[in-house]
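Just work_34.cif here, mmCIF, C-alpha atoms (C1' of nucleotides):
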```
data_protein
loop_
_atom_site.label_atom_id
_atom_site.label_comp_id
_atom_site.auth_asym_id
_atom_site.auth_seq_id
_atom_site.Cartn_x
_atom_site.Cartn_y
_atom_site.Cartn_z
CA MET A 21 18.29 -24.92 13.07
CA ALA A 22 16.29 -22.72 15.31
CA ASN A 23 18.56 -22.43 18.29
CA THR A 24 22.14 -23.30 17.65
CA ARG A 25 23.75 -20.02 16.79
CA LEU A 26 23.33 -16.37 16.30
CA HIS A 27 21.08 -15.38 13.51
CA THR A 28 23.18 -13.80 10.86
CA GLY A 29 20.32 -12.31 8.91
CA PHE A 30 17.70 -13.41 6.45
CA SER A 31 18.75 -14.66 3.08
CA ARG A 32 17.23 -13.31 -0.05
CA GLN A 33 15.02 -16.34 -0.52
CA GLN A 34 13.75 -16.08 3.01
CA VAL A 35 12.90 -12.46 2.44
CA VAL A 36 11.08 -13.43 -0.72
CA ASN A 37 9.01 -15.92 1.22
CA ILE A 38 8.27 -13.54 4.04
CA THR A 39 7.58 -10.35 2.19
CA GLY A 40 6.21 -11.54 -1.12
CA LEU A 41 8.68 -9.43 -3.01
CA THR A 42 10.52 -10.95 -5.91
CA ALA A 43 14.19 -11.74 -5.85
CA ARG A 44 14.64 -9.46 -8.80
CA GLN A 45 13.14 -6.57 -6.90
CA LEU A 46 15.38 -7.16 -3.92
CA ASN A 47 18.40 -7.18 -6.15
CA TYR A 48 17.33 -4.07 -7.95
CA TRP A 49 16.51 -2.21 -4.78
CA ARG A 50 19.78 -3.23 -3.29
CA ARG A 51 21.67 -1.99 -6.31
CA THR A 52 19.73 1.27 -6.58
CA GLU A 53 19.77 2.02 -2.89
CA VAL A 54 16.12 1.82 -2.05
CA ILE A 55 16.63 -0.62 0.76
CA LYS A 56 19.91 -2.35 1.15
CA PRO A 57 20.55 -5.36 3.34
CA SER A 58 22.10 -4.35 6.63
CA ALA A 59 24.82 -6.89 6.16
CA THR A 60 26.59 -8.76 3.41
CA THR A 61 28.40 -12.07 3.51
CA GLN A 62 31.98 -12.32 2.43
CA GLY A 63 30.74 -13.81 -0.78
CA GLY A 64 28.66 -10.73 -1.41
CA HIS A 65 25.33 -12.28 -0.52
CA ALA A 66 22.64 -10.17 1.06
CA ARG A 67 21.72 -10.57 4.71
CA TYR A 68 18.60 -8.73 5.74
CA SER A 69 17.96 -7.79 9.33
CA PHE A 70 14.60 -7.90 11.02
CA THR A 71 14.46 -4.15 10.73
CA ASP A 72 15.08 -4.48 7.03
CA LEU A 73 12.12 -6.82 6.80
CA ILE A 74 9.85 -4.24 8.35
CA ALA A 75 11.04 -1.60 5.94
CA LEU A 76 10.69 -3.96 2.99
CA LYS A 77 7.20 -4.93 4.03
CA THR A 78 6.28 -1.30 4.39
CA VAL A 79 7.55 -0.49 0.94
CA LYS A 80 5.70 -3.48 -0.40
CA GLN A 81 2.47 -2.23 1.09
CA LEU A 82 3.04 1.23 -0.27
CA LEU A 83 3.52 -0.26 -3.72
CA ASP A 84 0.44 -2.39 -3.34
CA HIS A 85 -1.53 0.73 -2.51
CA GLY A 86 -0.44 2.55 -5.59
CA VAL A 87 2.52 4.57 -4.42
CA SER A 88 5.21 4.44 -7.04
CA LEU A 89 8.73 3.40 -6.22
CA GLN A 90 9.97 6.78 -7.31
CA LYS A 91 7.83 8.49 -4.74
CA ILE A 92 8.94 6.02 -2.14
CA ARG A 93 12.51 6.94 -3.01
CA LYS A 94 11.79 10.60 -2.47
CA SER A 95 9.99 9.82 0.75
CA ILE A 96 12.92 7.91 2.11
CA LEU A 97 15.24 10.76 1.24
CA ALA A 98 12.98 13.32 2.85
CA LEU A 99 12.60 11.22 5.97
CA LEU A 100 16.32 10.81 6.32
CA GLN A 101 16.59 14.54 6.80
CA TYR A 102 14.26 14.31 9.72
CA LEU A 103 15.69 11.11 11.10
CA PRO A 104 19.35 11.31 10.18
CA LEU A 105 20.34 8.64 12.63
CA GLN A 106 18.20 6.02 11.09
CA GLN A 107 19.02 3.79 8.23
CA GLN A 108 15.58 2.48 7.47
CA PRO A 109 13.05 5.27 7.84
CA PHE A 110 10.07 3.13 7.11
CA SER A 111 10.82 0.60 9.75
CA GLU A 112 9.86 2.59 12.81
CA LEU A 113 7.12 4.93 11.85
CA LYS A 114 3.44 4.85 11.34
CA VAL A 115 2.74 5.49 7.75
CA ILE A 116 -0.36 6.54 5.97
CA ALA A 117 -0.42 6.73 2.25
CA THR A 118 -2.62 6.99 -0.72
CA GLY A 119 -1.73 6.75 -4.33
CA ASP A 120 -0.41 10.25 -4.21
CA VAL A 121 1.50 10.82 -1.03
CA VAL A 122 3.10 9.21 1.92
CA LEU A 123 2.38 10.67 5.30
CA VAL A 124 4.42 9.75 8.28
CA PHE A 125 3.48 10.44 11.86
CA HIS A 126 6.20 11.68 14.06
CA GLN A 127 5.88 13.37 17.41
CA GLY A 128 2.22 14.07 16.93
CA MET A 129 2.79 15.78 13.65
CA ALA A 130 1.84 14.68 10.20
CA LEU A 131 4.76 14.82 7.88
CA ASP A 132 4.54 14.73 4.14
CA ALA A 133 7.40 12.46 3.32
CA LEU A 134 7.63 13.79 -0.19
CA THR A 135 8.05 17.46 0.55
CA GLY A 136 9.00 17.47 4.20
CA GLN A 137 6.08 19.76 4.80
CA GLU A 138 4.36 19.03 8.03
CA TRP A 139 1.04 20.03 9.41
CA ILE A 140 -2.17 18.87 10.95
CA LEU A 141 -5.42 20.64 10.60
CA GLU A 142 -7.48 20.38 13.71
CA VAL A 143 -11.06 21.32 13.27
CA ALA A 144 -11.53 21.58 17.00
CA GLU A 145 -9.00 24.37 17.03
CA LEU A 146 -10.97 26.31 14.48
CA GLU A 147 -13.97 26.23 16.70
CA LYS A 148 -11.99 27.79 19.53
CA GLU A 149 -10.65 30.45 17.22
CA ILE A 150 -14.06 31.52 16.09
CA VAL A 151 -15.53 31.63 19.55
CA GLN A 152 -12.54 33.58 20.73
CA GLN A 153 -13.01 36.06 17.96
CA TYR A 154 -16.70 36.47 18.55
CA PRO A 155 -17.24 35.73 22.23
CA ASP A 156 -20.58 37.48 22.18
CA THR A 157 -22.08 35.02 19.79
CA LEU A 158 -21.16 31.96 21.79
CA GLN A 159 -24.39 31.55 23.67
CA LEU A 160 -26.52 32.70 20.83
CA VAL A 161 -24.81 30.41 18.45
CA VAL A 162 -25.64 27.40 20.49
CA GLU A 163 -29.30 28.17 20.28
CA GLN A 164 -29.07 29.26 16.74
CA ASP A 165 -27.63 26.03 15.54
CA ASP A 166 -30.70 24.21 16.64
CA LEU A 167 -32.73 26.20 14.22
CA PHE A 168 -31.14 24.64 11.22
CA GLU A 169 -32.55 21.43 10.04
CA PRO A 170 -30.16 18.63 9.17
CA ASN A 171 -30.65 19.05 5.47
CA ILE A 172 -28.13 17.49 3.19
CA THR A 173 -25.97 19.52 0.93
CA ASN A 174 -26.06 18.42 -2.62
CA ILE A 175 -22.99 18.83 -4.71
CA ASP A 176 -23.21 19.55 -8.35
CA ARG A 177 -21.18 16.82 -9.93
CA LYS A 178 -20.85 18.54 -13.24
CA ALA A 179 -19.02 21.41 -11.63
CA ILE A 180 -16.11 19.13 -10.96
CA MET B 7 -26.60 43.29 20.84
CA ALA B 8 -25.20 40.35 22.66
CA ASN B 9 -28.22 38.95 24.36
CA THR B 10 -31.46 40.37 23.10
CA ARG B 11 -32.62 37.84 20.60
CA LEU B 12 -32.01 34.63 18.85
CA HIS B 13 -29.13 34.53 16.49
CA THR B 14 -30.39 34.01 12.98
CA GLY B 15 -27.07 33.23 11.38
CA PHE B 16 -23.98 35.05 10.24
CA SER B 17 -24.23 37.47 7.38
CA ARG B 18 -21.89 37.33 4.47
CA GLN B 19 -19.86 40.26 5.72
CA GLN B 20 -19.49 38.69 9.14
CA VAL B 21 -18.26 35.50 7.57
CA VAL B 22 -15.80 37.52 5.56
CA ASN B 23 -14.47 39.12 8.72
CA ILE B 24 -14.29 35.87 10.62
CA THR B 25 -12.90 33.54 8.00
CA GLY B 26 -10.84 35.82 5.82
CA LEU B 27 -12.58 34.52 2.74
CA THR B 28 -13.72 36.99 0.12
CA ALA B 29 -17.33 37.81 -0.60
CA ARG B 30 -16.73 36.69 -4.13
CA GLN B 31 -15.65 33.27 -2.95
CA LEU B 32 -18.64 32.87 -0.68
CA ASN B 33 -20.99 33.76 -3.50
CA TYR B 34 -19.30 31.46 -5.95
CA TRP B 35 -19.16 28.58 -3.51
CA ARG B 36 -22.77 29.12 -2.68
CA ARG B 37 -23.75 29.03 -6.32
CA THR B 38 -21.55 26.05 -7.24
CA GLU B 39 -22.43 24.06 -4.15
CA VAL B 40 -19.15 23.86 -2.36
CA ILE B 41 -20.54 25.15 0.89
CA LYS B 42 -23.95 26.69 0.97
CA PRO B 43 -25.34 28.76 3.84
CA SER B 44 -27.59 26.66 6.00
CA ALA B 45 -30.31 29.27 5.78
CA THR B 46 -31.47 32.08 3.54
CA THR B 47 -33.47 35.16 4.34
CA GLN B 48 -36.68 35.87 2.51
CA GLY B 49 -34.79 38.43 0.51
CA GLY B 50 -32.41 35.71 -0.62
CA HIS B 51 -29.50 36.72 1.59
CA ALA B 52 -27.17 34.10 2.99
CA ARG B 53 -27.20 33.15 6.64
CA TYR B 54 -24.33 30.97 7.70
CA SER B 55 -24.53 28.76 10.76
CA PHE B 56 -21.74 28.20 13.20
CA THR B 57 -21.20 24.80 11.66
CA ASP B 58 -20.90 26.47 8.30
CA LEU B 59 -18.18 28.67 9.70
CA ILE B 60 -16.16 25.68 10.77
CA ALA B 61 -16.48 24.11 7.37
CA LEU B 62 -15.59 27.36 5.67
CA LYS B 63 -12.57 27.86 7.87
CA THR B 64 -11.45 24.34 7.13
CA VAL B 65 -11.76 24.88 3.43
CA LYS B 66 -9.89 28.13 3.79
CA GLN B 67 -7.04 26.38 5.51
CA LEU B 68 -6.94 23.70 2.90
CA LEU B 69 -6.71 26.35 0.23
CA ASP B 70 -3.97 28.13 2.14
CA HIS B 71 -2.02 24.92 2.24
CA GLY B 72 -2.17 24.39 -1.45
CA VAL B 73 -5.17 22.13 -1.90
CA SER B 74 -7.14 23.29 -4.89
CA LEU B 75 -10.82 23.97 -4.66
CA GLN B 76 -11.46 21.29 -7.21
CA LYS B 77 -9.84 18.71 -5.00
CA ILE B 78 -11.79 20.01 -2.06
CA ARG B 79 -14.92 19.46 -4.09
CA LYS B 80 -13.98 15.87 -4.71
CA SER B 81 -13.15 15.42 -1.06
CA ILE B 82 -16.53 16.66 0.02
CA LEU B 83 -18.23 14.31 -2.38
CA ALA B 84 -16.22 11.35 -1.19
CA LEU B 85 -16.88 12.19 2.42
CA LEU B 86 -20.59 12.50 1.90
CA GLN B 87 -20.66 8.86 0.94
CA TYR B 88 -19.20 7.99 4.28
CA LEU B 89 -21.15 10.50 6.30
CA PRO B 90 -24.45 10.80 4.51
CA LEU B 91 -26.20 12.31 7.47
CA GLN B 92 -23.93 15.24 7.70
CA GLN B 93 -24.29 18.43 5.86
CA GLN B 94 -20.81 19.81 6.27
CA PRO B 95 -18.26 17.02 6.18
CA PHE B 96 -15.38 19.26 7.05
CA SER B 97 -16.99 20.62 10.15
CA GLU B 98 -16.65 17.65 12.43
CA LEU B 99 -13.56 15.80 11.47
CA LYS B 100 -9.86 16.03 11.88
CA VAL B 101 -8.26 16.74 8.61
CA ILE B 102 -4.74 16.30 7.40
CA ALA B 103 -3.74 17.46 4.00
CA THR B 104 -0.82 18.18 1.80
CA GLY B 105 -0.82 19.68 -1.61
CA ASP B 106 -1.85 16.37 -3.04
CA VAL B 107 -4.35 14.73 -0.78
CA VAL B 108 -6.80 15.32 1.96
CA LEU B 109 -6.99 12.76 4.68
CA VAL B 110 -9.80 12.68 7.14
CA PHE B 111 -9.75 10.75 10.34
CA HIS B 112 -12.84 8.93 11.27
CA GLN B 113 -13.29 6.12 13.73
CA GLY B 114 -9.62 5.36 13.87
CA MET B 115 -9.31 5.05 10.15
CA ALA B 116 -7.52 7.29 7.76
CA LEU B 117 -9.67 8.10 4.81
CA ASP B 118 -8.47 9.56 1.57
CA ALA B 119 -11.11 12.14 0.98
CA LEU B 120 -10.29 12.35 -2.69
CA THR B 121 -10.86 8.74 -3.58
CA GLY B 122 -12.79 7.44 -0.63
CA GLN B 123 -10.12 4.84 -0.22
CA GLU B 124 -9.31 4.20 3.37
CA TRP B 125 -6.38 2.66 5.02
CA ILE B 126 -3.76 3.00 7.64
CA LEU B 127 -0.47 1.30 7.47
CA GLU B 128 0.64 0.30 10.87
CA VAL B 129 4.21 -0.70 11.02
CA ALA B 130 3.69 -2.34 14.35
CA GLU B 131 1.28 -4.72 12.67
CA LEU B 132 3.89 -5.73 10.15
CA GLU B 133 6.19 -6.70 12.93
CA LYS B 134 3.58 -9.01 14.39
CA GLU B 135 2.92 -10.52 11.00
CA ILE B 136 6.51 -11.38 10.44
CA VAL B 137 7.01 -12.88 13.85
CA GLN B 138 3.86 -14.89 13.41
CA GLN B 139 5.09 -16.21 10.13
CA TYR B 140 8.49 -17.11 11.42
CA PRO B 141 8.01 -17.90 15.10
CA ASP B 142 11.29 -19.79 15.21
CA THR B 143 13.28 -16.72 14.41
CA LEU B 144 11.77 -14.61 17.12
CA GLN B 145 14.39 -15.26 19.71
CA LEU B 146 17.18 -15.26 17.24
CA VAL B 147 15.97 -12.07 15.76
CA VAL B 148 16.15 -10.31 19.05
CA GLU B 149 19.78 -11.18 19.38
CA GLN B 150 20.49 -10.49 15.82
CA ASP B 151 19.00 -7.06 15.88
CA ASP B 152 21.42 -6.04 18.58
CA LEU B 153 24.12 -6.44 16.03
CA PHE B 154 22.77 -3.57 14.07
CA GLU B 155 22.52 0.08 14.92
CA PRO B 156 20.37 0.70 17.97
CA ASN B 157 16.84 1.60 17.17
CA ILE B 158 15.73 5.00 18.21
CA THR B 159 12.35 6.46 17.82
CA ASN B 160 9.14 5.10 18.96
CA ILE B 161 6.35 7.15 17.60
CA ASP B 162 3.65 8.39 19.77
CA ARG B 163 0.93 9.31 17.43
CA LYS B 164 -1.89 11.33 18.78
CA ALA B 165 -5.11 9.42 19.20
CA ILE B 166 -7.25 10.10 16.24
"C1'" DA C 29 -25.09 45.80 2.44
"C1'" DC C 30 -26.28 42.03 -0.62
"C1'" DG C 31 -26.94 39.57 -4.93
"C1'" DT C 32 -26.43 39.07 -9.98
"C1'" DG C 33 -24.24 39.25 -14.37
"C1'" DA C 34 -20.41 40.14 -17.50
"C1'" DC C 35 -15.69 40.36 -18.70
"C1'" DA C 36 -10.93 39.10 -18.01
"C1'" DA C 37 -6.87 37.35 -15.55
"C1'" DA C 38 -4.99 33.71 -12.83
"C1'" DA C 39 -4.91 29.02 -11.37
"C1'" DA C 40 -5.71 24.26 -11.93
"C1'" DT C 41 -6.59 20.47 -14.74
"C1'" DA C 42 -6.66 17.37 -18.89
"C1'" DC C 43 -4.50 15.58 -22.77
"C1'" DC C 44 -0.83 14.68 -25.74
"C1'" DA C 45 3.78 12.82 -27.16
"C1'" DC C 46 8.25 11.84 -25.29
"C1'" DT C 47 11.79 10.24 -21.85
"C1'" DT C 48 13.10 7.82 -17.91
"C1'" DT C 49 12.52 4.42 -14.46
"C1'" DT C 50 11.14 0.00 -12.99
"C1'" DT C 51 10.17 -4.63 -13.68
"C1'" DT C 52 10.92 -8.94 -15.61
"C1'" DG C 53 13.24 -12.57 -18.40
"C1'" DT C 54 17.19 -15.01 -19.78
"C1'" DA C 55 21.76 -16.61 -19.55
"C1'" DG C 56 26.42 -17.13 -17.54
"C1'" DC C 57 29.19 -17.70 -13.50
"C1'" DA C 58 30.92 -18.36 -8.45
"C1'" DT D 3 21.45 -20.46 -4.35
"C1'" DG D 4 22.75 -16.00 -5.35
"C1'" DC D 5 24.93 -12.28 -7.99
"C1'" DT D 6 25.77 -9.86 -12.50
"C1'" DA D 7 24.86 -8.32 -17.19
"C1'" DC D 8 22.19 -7.49 -21.26
"C1'" DA D 9 17.67 -6.71 -23.22
"C1'" DA D 10 12.82 -5.86 -23.68
"C1'" DA D 11 8.20 -4.79 -21.81
"C1'" DA D 12 5.57 -2.21 -18.55
"C1'" DA D 13 4.94 1.66 -15.63
"C1'" DA D 14 5.73 6.18 -14.20
"C1'" DG D 15 7.42 10.81 -14.82
"C1'" DT D 16 8.12 15.12 -17.78
"C1'" DG D 17 6.96 19.03 -20.50
"C1'" DG D 18 4.06 21.75 -23.63
"C1'" DT D 19 -0.48 23.13 -24.96
"C1'" DA D 20 -5.48 23.36 -24.82
"C1'" DT D 21 -9.42 23.54 -21.70
"C1'" DT D 22 -11.83 24.33 -17.55
"C1'" DT D 23 -12.22 26.35 -13.05
"C1'" DT D 24 -11.64 29.97 -9.84
"C1'" DT D 25 -11.16 34.66 -8.57
"C1'" DG D 26 -11.08 39.80 -9.14
"C1'" DT D 27 -13.26 43.84 -10.68
"C1'" DC D 28 -16.88 46.55 -12.26
"C1'" DA D 29 -21.63 47.93 -13.12
"C1'" DC D 30 -26.39 47.68 -11.90
"C1'" DG D 31 -30.59 46.60 -9.15
"C1'" DT D 32 -32.69 45.65 -4.57
#
```
Structure encoded using C-alpha cells:
Amino acid sequence: MANTRLHTGFSRQQVVNITGLTARQLNYWRRTEVIKPSATTQGGHARYSFTDLIALKTVKQLLDHGVSLQKIRKSILALLQYLPLQQQPFSELKVIATGDVVLVFHQGMALDALTGQEWILEVAELEKEIVQQYPDTLQLVVEQDDLFEPNITNIDRKAI
Amino acid sequence: MANTRLHTGFSRQQVVNITGLTARQLNYWRRTEVIKPSATTQGGHARYSFTDLIALKTVKQLLDHGVSLQKIRKSILALLQYLPLQQQPFSELKVIATGDVVLVFHQGMALDALTGQEWILEVAELEKEIVQQYPDTLQLVVEQDDLFEPNITNIDRKAI
DNA sequence: ACGTGACAAAAATACCACTTTTTTGTAGCA
DNA sequence: TGCTACAAAAAAGTGGTATTTTTGTCACGT
C-alpha cells in the first residue's frame, strides 16, 4: 500500500492517529472553518494534505499550551491578511505562543497574530540610542559601570 | 566636563532627558521596586547606572506599546528566577511584547516573562515528527503535495 | 535640583453573573 | 468508516462594577 499509486490525502482516522486530535474535533473544525481538508472525496469524505497535517498539529500544540480555539481563529484570520496567498497560515511559520497570544515570525519581524501588530524590541538598539544621545559619557560610563556591585534587586511582591 | 573625572551615575533629571520618563515615575518605581537606581548619594539622591538606563528605556518602550506596569512587574519577577545573578533583567535581553505578553529570548528559548513558562513552537519540527511517524508516506506525500497550491514562504527568523 | 507626602484623576485589574463557543456523547444513515 | 443532527456538559468570552495601581499636581523641606 505504500507505493502503488498517488497519495490522495490522509483520511480522518489517519489524521486522528497522527495528530492526536479527536474525530469530533476534526469534523467540527471542518464545519466551522478552522482548518478544512484540502480535498474532499466524491462521497464527501475529508482528505487532509500533508500541509493540513502541519497546520493541525500546530493548532493542537497551541491548544495544549493554553491558547483557546477562539484566539486561534482570530490568529488565522489576522495571518491571512498578511499571507493572502496561503490557505493554511500555521503550516509554514514559526510560532511562539503563550496562553495569551500567538506570535508568528515573518521576515525577521514578530507579528502578533491576534491584532496584526508587529514589533520587536531590541535592547541592543537602545544602547546605541543612549550612547548616541550622550556621546560624552561613553568612556566614562564604561568605567562607571564597574563601580556598581552586582547587587540583586528585590521586588516587593505585595505591590503586585 | 567630558573627561575630568569618574562618572558617578546619571542624575534623575538626566535620566528624564534621556529616557523620556517622568520624574514622578522614576520616584515611584524607585519606591515600589520596579527599577531602583544602582547607587544613591549620601544625601539620598538617585544615581542611575548605564545598565539602569537600558532597563528603564526597555520598560518605557513596553509601556509605550501597551504593556501595563503591573505586567512588567510580574515579568521582572519571573525573569529573576531565570537570571538570579542579574540585577536588571530587561537590560541584557531581547524582548518581544504585545499588549498581552512579554517574551524574552534567552539561549534560543522563548520565555514568557509573565508566567515563566518557556517554549517555542517550531513548525519545522512538526514536519519531522510526522514523517518519522509515517515513513511510508514520505515519498507519496511529496507527490501528493504537488497537487495542492504551491507553498510559498519560508521564514527566515533572525537568530535569537 | 531632589525627595517626600498628600490629594485626586486616570488606568489597570479583579470579581461577579451572564452569554456564547467548544467539546463530547449518542444515534441514525450512506 | 465517515458524515450529520440533536443535546448536554465544559470551557471561554463578555460586560458591568468594585478595587487597586499608577500618574499628575501641588506644597514643603533639604
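Omitting stretch 46-51 of chain C and its sequence neighbours fewer than 6 positions away, and counting only C-alpha atoms (C1' of nucleotides), the residues within 10 Å are Arg44, Gln45, Tyr48, Ser88, Leu89 and Gln90 of chain A; DA11, DA12, DA13, DA14, DG15, DT16 and DG17 of chain D.
From atom CA of B:Gln48 back to atom C1' of D:DG31, the distance works out to 17.0 Å.
Residues from chain B that have an atom within 12 Å of chain C, counting all atoms listed in the file, are Ser17, Arg18, Gln19, Gln20, Ala29, Arg30, Leu32, Asn33, Tyr34, Arg36, Arg37, Thr46, Thr47, Gly49, Gly50, His51, Ala52, Arg53, Gly72, Val73, Ser74, Leu75, Gln76 and Lys77 of chain B.
Residues from chain D that have an atom within 12 Å of chain A, counting only C-alpha atoms (C1' of nucleotides), are DT3, DG4, DC5, DT6, DA13, DA14, DG15, DT22, DT23 and DT24 of chain D.
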Atomic separation - atom CA of B:Ile82 relative to atom CA of A:Leu83, Å: 26.5 Å
